[in-house]
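Before any comments, here is the structure.
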Amino acid sequence: MSTTTAAPRPSHRPALGGLTWTFLSLEIRRVLRNRRTLVFILLMPPVFFVLFGLPQRGQTFGNGSPVTGYVMISLAVYGAMVATTSAGAMVGVERVQGWSRQLRLTPLRPAAYVAAKVITAMVLGLLAVAVEFTVGAVFGVRMPVNVWLIAGLAAWLGSLVFAAFGLFMGYLAPAENVLQVLGPILAILAMFGGLFVPLEILPHTLQMIAKFTPVYGVGQIARSPLTGGGFNTVAAANIAAWTAAFGFGAARLFRRDTARN
Amino acid sequence: MSMTTTPAVDLRGLTKSFGAVTAVRGLDLRIEQGEVVAFLGPNGAGKTSTLDMLLGLSKPTAGTVEVFGRSPFEAIAGGRVAAVMQSGGLLRDLTVAETVEMTASFFGYSRPVREVLHRAGIADIAGRRVGRCSGGQQQRLRFAMALLPDPDLMVLDEPTTGMDVEGRRDFWTAIRADAQAGRTILFATHYLEEADVYADRIVLIRHGEVVADGTAAEIKALSAGRMVRATLPGADEVRLAALPGVDSVEVRGDRVVLHTGDSDDVARYLLTRTPARDVEITSRNLEEAFLALTTSGGTR
């Protein structure tokens, strides 16, 4: 017979709510194992660069910057946004598969789970930017070091908006095929963000609408070191507004999801 | 300080409604530490709803849940309770070992990965992708994950659903071996035989209420023997209950229902010493008793 006095037990509560290196490395290994993800994030954007960027080799903008650099940065932003969106949206897939429920039977804190998803998304986003830039460099894109750095950082950090977007969509519409739904949405957003063709060639009305879509800000800021546009207030406001919107939306849905009903 | 034992599970007046549907109605259940209890009932009896509340996965509409004297959330955070759920809850793109490794990382303290894989009998498929594992292997994986915090209470919701006979037997062998270490086990099942063979105590549930609670032998006794029904206005319940072989007497208006091991004696008594008429004698086996106890219209 045991008594109410419990024997001293080791602590079961994990440090940092369960956000450990083991957890993170396994999560990253998982996303890298997904062949479809790799095709869309690490293979397609470089192929696009070869198909649509390379033919413009040798052409420059008025300030002497290479057009191939413009295409490369745009596609890096595209790769990063697809990467972070799909990694964030994994929460929806995991809800459908019952993994989220399984996690509630462990001491893992919901906030640590979301943090792991965001970090994984950002690692995948960084990889997407790095791969695109490497392919660009290999195929002859030449730009000043500070342009590489600032554009790369902007493309990468800007994709945080889409990590939030992915989480938001994952909590909003949990489904196994969430990525299939998101694919076309991302393509349209990328179009409005000027990632596939320069916005300047779109009709004026579409250009105006584009300024209010979520990819616009990231695209503009990432390319600004190359185009020499300087600090773009509209683009910065765009990023801030969409990060706030998706972040707030994701947080609300996350709280609804973790509330025991 | 008193030396009273904190029950492993203490459910009081537990109620769960989903809109107009009440899945669990005022259920009381106390499970002592070290018991192996089967939660037996047909599909839709409220077993899973009850276990969900016990594990803190859903909130009771009314009533209280205590696990080792604490809330389910604290019991889980403290690693005192673990569960093997019916289906889902696994990531197909991880291997068996990686799944256990990841789950172990969520606990501040856990048993070694290799040890739980071995105890669940899946050490040989540690490197296999979860998506390529059979239903039985996935279930053992869930069991391995539940072993990680070395819980005092293990809850299993229909753990052998979808397994073949051999898989089922192997699974229970592993569970029984584990229970000998003194772990409290509560498992839901709709297989009468499973409850009979593997549990020390059976709690029968129907329409969200406990309809019978006892050892396997007691439940069997309840269901063995025969039922004698008769019309007998003004029946003397005490007198009838005192007849040899009679286990229970129920009086419903003019009808009496006697549960007895000796239906001949009871019938003879009723027909010769009382004005009883319309005497009916029916027998029932274990399966019928279970059905009677767990389906609507059955006796209580």
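Chains: A, B, ... in order of the structure tokens. Residues: from 1 per chain. Ligands: from 1, in order shown.
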Can you list, as an mmCIF file with N, CA and C atoms, in the first residue's frame, every protein, DNA or RNA residue that comes within 8 Å of Gly158 (chain A) when you count only C-alpha atoms, leaving out same-chain residues fewer than 5 positions away?
data_model
loop_
_atom_site.group_PDB
_atom_site.id
_atom_site.type_symbol
_atom_site.label_atom_id
_atom_site.label_comp_id
_atom_site.auth_asym_id
_atom_site.auth_seq_id
_atom_site.Cartn_x
_atom_site.Cartn_y
_atom_site.Cartn_z
ATOM 1 N N LEU A 153 19.363 38.823 -45.996
ATOM 2 C CA LEU A 153 18.750 38.956 -44.668
ATOM 3 C C LEU A 153 17.300 39.384 -44.772
ATOM 4 N N VAL A 218 7.996 42.624 -48.512
ATOM 5 C CA VAL A 218 9.220 41.818 -48.442
ATOM 6 C C VAL A 218 9.994 41.928 -49.750
ATOM 7 N N ILE A 239 4.888 45.290 -44.446
ATOM 8 C CA ILE A 239 5.410 44.142 -43.678
ATOM 9 C C ILE A 239 4.878 44.169 -42.255
#
Residue set, region 93-181 of chain A restricted to alpha helix (DSSP H), as a PyMOL selection string | chain A and resi 93-96+99-103+110-138+145-158+160-172+178-181
Could you write out that same residue set with C-alpha atoms as a JSON list (two decimals), in the first residue's frame?
[["chain", "number", "residue", "atom", "x", "y", "z"],
["A", 93, "VAL", "CA", -1.53, 18.64, -40.72],
["A", 94, "GLU", "CA", -0.46, 17.60, -37.23],
["A", 95, "ARG", "CA", -3.83, 18.50, -35.83],
["A", 96, "VAL", "CA", -5.55, 16.31, -38.40],
["A", 99, "TRP", "CA", -0.31, 14.58, -33.08],
["A", 100, "SER", "CA", -1.36, 17.81, -31.34],
["A", 101, "ARG", "CA", -3.64, 15.75, -29.14],
["A", 102, "GLN", "CA", -0.83, 13.32, -28.41],
["A", 103, "LEU", "CA", 1.36, 16.26, -27.40],
["A", 110, "PRO", "CA", 1.94, 24.74, -26.43],
["A", 111, "ALA", "CA", 4.05, 27.89, -26.73],
["A", 112, "ALA", "CA", 7.21, 25.77, -27.01],
["A", 113, "TYR", "CA", 5.56, 23.77, -29.78],
["A", 114, "VAL", "CA", 4.73, 26.90, -31.75],
["A", 115, "ALA", "CA", 8.21, 28.29, -31.15],
["A", 116, "ALA", "CA", 9.69, 25.08, -32.55],
["A", 117, "LYS", "CA", 7.48, 25.41, -35.63],
["A", 118, "VAL", "CA", 8.58, 29.01, -36.21],
["A", 119, "ILE", "CA", 12.26, 28.16, -35.75],
["A", 120, "THR", "CA", 11.96, 25.18, -38.10],
["A", 121, "ALA", "CA", 10.20, 27.39, -40.64],
["A", 122, "MET", "CA", 12.97, 29.97, -40.41],
["A", 123, "VAL", "CA", 15.69, 27.34, -40.81],
["A", 124, "LEU", "CA", 13.98, 26.06, -43.94],
["A", 125, "GLY", "CA", 13.53, 29.66, -45.16],
["A", 126, "LEU", "CA", 17.24, 30.35, -44.64],
["A", 127, "LEU", "CA", 18.07, 27.21, -46.58],
["A", 128, "ALA", "CA", 15.84, 28.34, -49.45],
["A", 129, "VAL", "CA", 17.58, 31.73, -49.64],
["A", 130, "ALA", "CA", 21.03, 30.14, -49.37],
["A", 131, "VAL", "CA", 20.33, 27.64, -52.16],
["A", 132, "GLU", "CA", 18.92, 30.30, -54.49],
["A", 133, "PHE", "CA", 21.86, 32.66, -53.84],
["A", 134, "THR", "CA", 24.36, 29.85, -54.34],
["A", 135, "VAL", "CA", 22.79, 28.93, -57.67],
["A", 136, "GLY", "CA", 22.79, 32.61, -58.62],
["A", 137, "ALA", "CA", 26.45, 33.02, -57.71],
["A", 138, "VAL", "CA", 27.38, 29.87, -59.59],
["A", 145, "VAL", "CA", 28.89, 42.04, -50.73],
["A", 146, "ASN", "CA", 26.59, 44.36, -48.80],
["A", 147, "VAL", "CA", 23.85, 43.83, -51.42],
["A", 148, "TRP", "CA", 24.13, 40.05, -51.06],
["A", 149, "LEU", "CA", 23.98, 40.37, -47.28],
["A", 150, "ILE", "CA", 21.18, 42.88, -46.93],
["A", 151, "ALA", "CA", 19.04, 41.32, -49.66],
["A", 152, "GLY", "CA", 19.59, 37.87, -48.20],
["A", 153, "LEU", "CA", 18.75, 38.96, -44.67],
["A", 154, "ALA", "CA", 15.67, 40.85, -45.83],
["A", 155, "ALA", "CA", 14.41, 37.90, -47.90],
["A", 156, "TRP", "CA", 14.99, 35.58, -44.97],
["A", 157, "LEU", "CA", 13.69, 37.70, -42.07],
["A", 158, "GLY", "CA", 10.79, 38.96, -44.17],
["A", 160, "LEU", "CA", 8.70, 35.46, -40.88],
["A", 161, "VAL", "CA", 5.45, 37.04, -42.11],
["A", 162, "PHE", "CA", 4.76, 33.79, -43.91],
["A", 163, "ALA", "CA", 5.65, 31.60, -40.97],
["A", 164, "ALA", "CA", 2.84, 33.46, -39.20],
["A", 165, "PHE", "CA", 0.66, 33.08, -42.30],
["A", 166, "GLY", "CA", 1.33, 29.31, -42.36],
["A", 167, "LEU", "CA", 0.48, 28.96, -38.67],
["A", 168, "PHE", "CA", -2.67, 31.01, -39.21],
["A", 169, "MET", "CA", -3.79, 28.83, -42.11],
["A", 170, "GLY", "CA", -2.86, 25.66, -40.23],
["A", 171, "TYR", "CA", -5.05, 26.59, -37.30],
["A", 172, "LEU", "CA", -7.79, 28.01, -39.52],
["A", 178, "VAL", "CA", -3.37, 22.28, -46.69],
["A", 179, "LEU", "CA", -0.21, 22.70, -48.75],
["A", 180, "GLN", "CA", -2.02, 21.95, -51.99],
["A", 181, "VAL", "CA", -4.47, 24.71, -51.16]]
Name the residues in contact with region 61-64 of chain B at a cut-off of 12 Å, using only C-alpha atoms, excluding same-chain residues fewer than 6 positions from it; report them as a PyMOL selection string.
-> (chain A and resi 260-261) or (chain B and resi 9-19+21-30+49-50+53-54+70-72)
Provide as a PyMOL selection string the residues of chain B at most 6 Å from chain A, counting only C-alpha atoms.
-> chain B and resi 3+5-6+58-59+77-79+88-90+102+106-109
Identify, on the basis of only C-alpha atoms, every residue whose closest approach to Gly140 (chain A) does not exceed 12 Å; exclude the query and any residue fewer than 3 positions from it along the same chain; express the result as a PyMOL selection string.
-> chain A and resi 49-50+53-58+66-69+72+133-137+143
Please save N, CA and C atoms of the selected residues as a tab-separated table (two decimals), in the first residue's frame.
chain	number	residue	atom	x	y	z
A	49	PHE	N	15.10	30.29	-61.84
A	49	PHE	CA	16.19	31.24	-62.08
A	49	PHE	C	16.90	30.90	-63.39
A	50	VAL	N	17.17	29.62	-63.56
A	50	VAL	CA	17.87	29.19	-64.76
A	50	VAL	C	17.01	29.47	-66.00
A	53	GLY	N	15.81	33.76	-65.43
A	53	GLY	CA	16.83	34.75	-65.06
A	53	GLY	C	18.01	34.74	-66.01
A	54	LEU	N	18.52	33.54	-66.28
A	54	LEU	CA	19.73	33.43	-67.08
A	54	LEU	C	19.63	34.06	-68.48
A	55	PRO	N	18.47	33.92	-69.16
A	55	PRO	CA	18.39	34.55	-70.49
A	55	PRO	C	18.65	36.05	-70.46
A	56	GLN	N	18.53	36.66	-69.29
A	56	GLN	CA	18.73	38.10	-69.20
A	56	GLN	C	20.14	38.45	-68.74
A	57	ARG	N	21.01	37.47	-68.82
A	57	ARG	CA	22.39	37.69	-68.38
A	57	ARG	C	23.01	38.83	-69.21
A	58	GLY	N	23.75	39.67	-68.52
A	58	GLY	CA	24.40	40.77	-69.22
A	58	GLY	C	23.58	42.05	-69.20
A	66	PRO	N	22.82	44.13	-62.03
A	66	PRO	CA	22.42	43.08	-62.98
A	66	PRO	C	20.96	42.68	-62.81
A	67	VAL	N	20.28	42.46	-63.94
A	67	VAL	CA	18.89	42.00	-63.91
A	67	VAL	C	18.81	40.60	-63.30
A	68	THR	N	19.84	39.79	-63.56
A	68	THR	CA	19.84	38.45	-62.98
A	68	THR	C	19.80	38.52	-61.44
A	69	GLY	N	20.44	39.52	-60.85
A	69	GLY	CA	20.41	39.71	-59.41
A	69	GLY	C	18.99	39.97	-58.93
A	72	MET	N	17.11	36.77	-59.11
A	72	MET	CA	17.57	35.86	-58.07
A	72	MET	C	17.00	36.24	-56.69
A	133	PHE	N	20.70	31.76	-53.70
A	133	PHE	CA	21.86	32.66	-53.84
A	133	PHE	C	23.07	31.89	-54.35
A	134	THR	N	23.22	30.65	-53.87
A	134	THR	CA	24.36	29.85	-54.34
A	134	THR	C	24.24	29.58	-55.84
A	135	VAL	N	23.02	29.18	-56.25
A	135	VAL	CA	22.79	28.93	-57.67
A	135	VAL	C	23.05	30.20	-58.47
A	136	GLY	N	22.57	31.33	-57.96
A	136	GLY	CA	22.79	32.61	-58.62
A	136	GLY	C	24.27	32.91	-58.78
A	137	ALA	N	25.02	32.73	-57.68
A	137	ALA	CA	26.45	33.02	-57.71
A	137	ALA	C	27.16	32.11	-58.70
A	143	MET	N	27.35	40.97	-57.44
A	143	MET	CA	26.83	42.16	-56.77
A	143	MET	C	27.78	42.49	-55.62
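By chain and then residue number, the residues within 9 Å of Leu186 (chain A) are Tyr78, Met81, Val82, Thr85, Leu182, Gly183, Leu189, Ala190 and Met191 of chain A, counting only C-alpha atoms and disregarding those fewer than 3 positions away in sequence.
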Please indicate the distance in Å from CA of Met208 (chain A) to CA of Ala250 (chain A), rounded to one decimal place.
->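 A separation of 27.1 Å between them.
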Using only C-alpha atoms, which of the listed residues (A:Phe48, A:Tyr70, A:Phe231, A:Phe254) sits closest to Pro198 (chain A)?
->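 Among the listed residues, the smallest separation from Pro198 (chain A) belongs to A:Tyr70.
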One residue among A:Val47, A:Leu202, A:Ile41, A:Phe52 is nearest to Ala83 (chain A) when using only C-alpha atoms, and that residue is A:Ile41
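If only C-alpha atoms are the atoms counted, then among B:Ser110, B:Thr184, B:Thr95, B:Thr274 the closest residue to Glu32 (chain B) is B:Thr184.
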What is the CA of Leu232 (chain B) to CA of Arg273 (chain B) distance in Å?
->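 Computing it gives 11.4 Å between the two atoms.
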Backbone DSSP call of strand (DSSP E) for region 105-240 of chain B, listed as a PyMOL selection string = chain B and resi 153-157+184-189+201-206+209-215+226-231
Extract, using only C-alpha atoms, all DNA, RNA and protein residues at most 10 Å from Met163 (chain B), discarding same-chain residues fewer than 2 positions from it, and format them as a list in words.
->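 Contacts, with the query itself left out: Ser134, Gly135, Gly136, Gln137, Gln139, Pro159, Thr160, Thr161, Val165, Glu166, Gly167, Arg168, Arg169 and Phe171 of chain B.
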Between CA of Glu74 (chain B) and CA of Glu209 (chain B), distance in Å (one decimal) = 26.2 Å
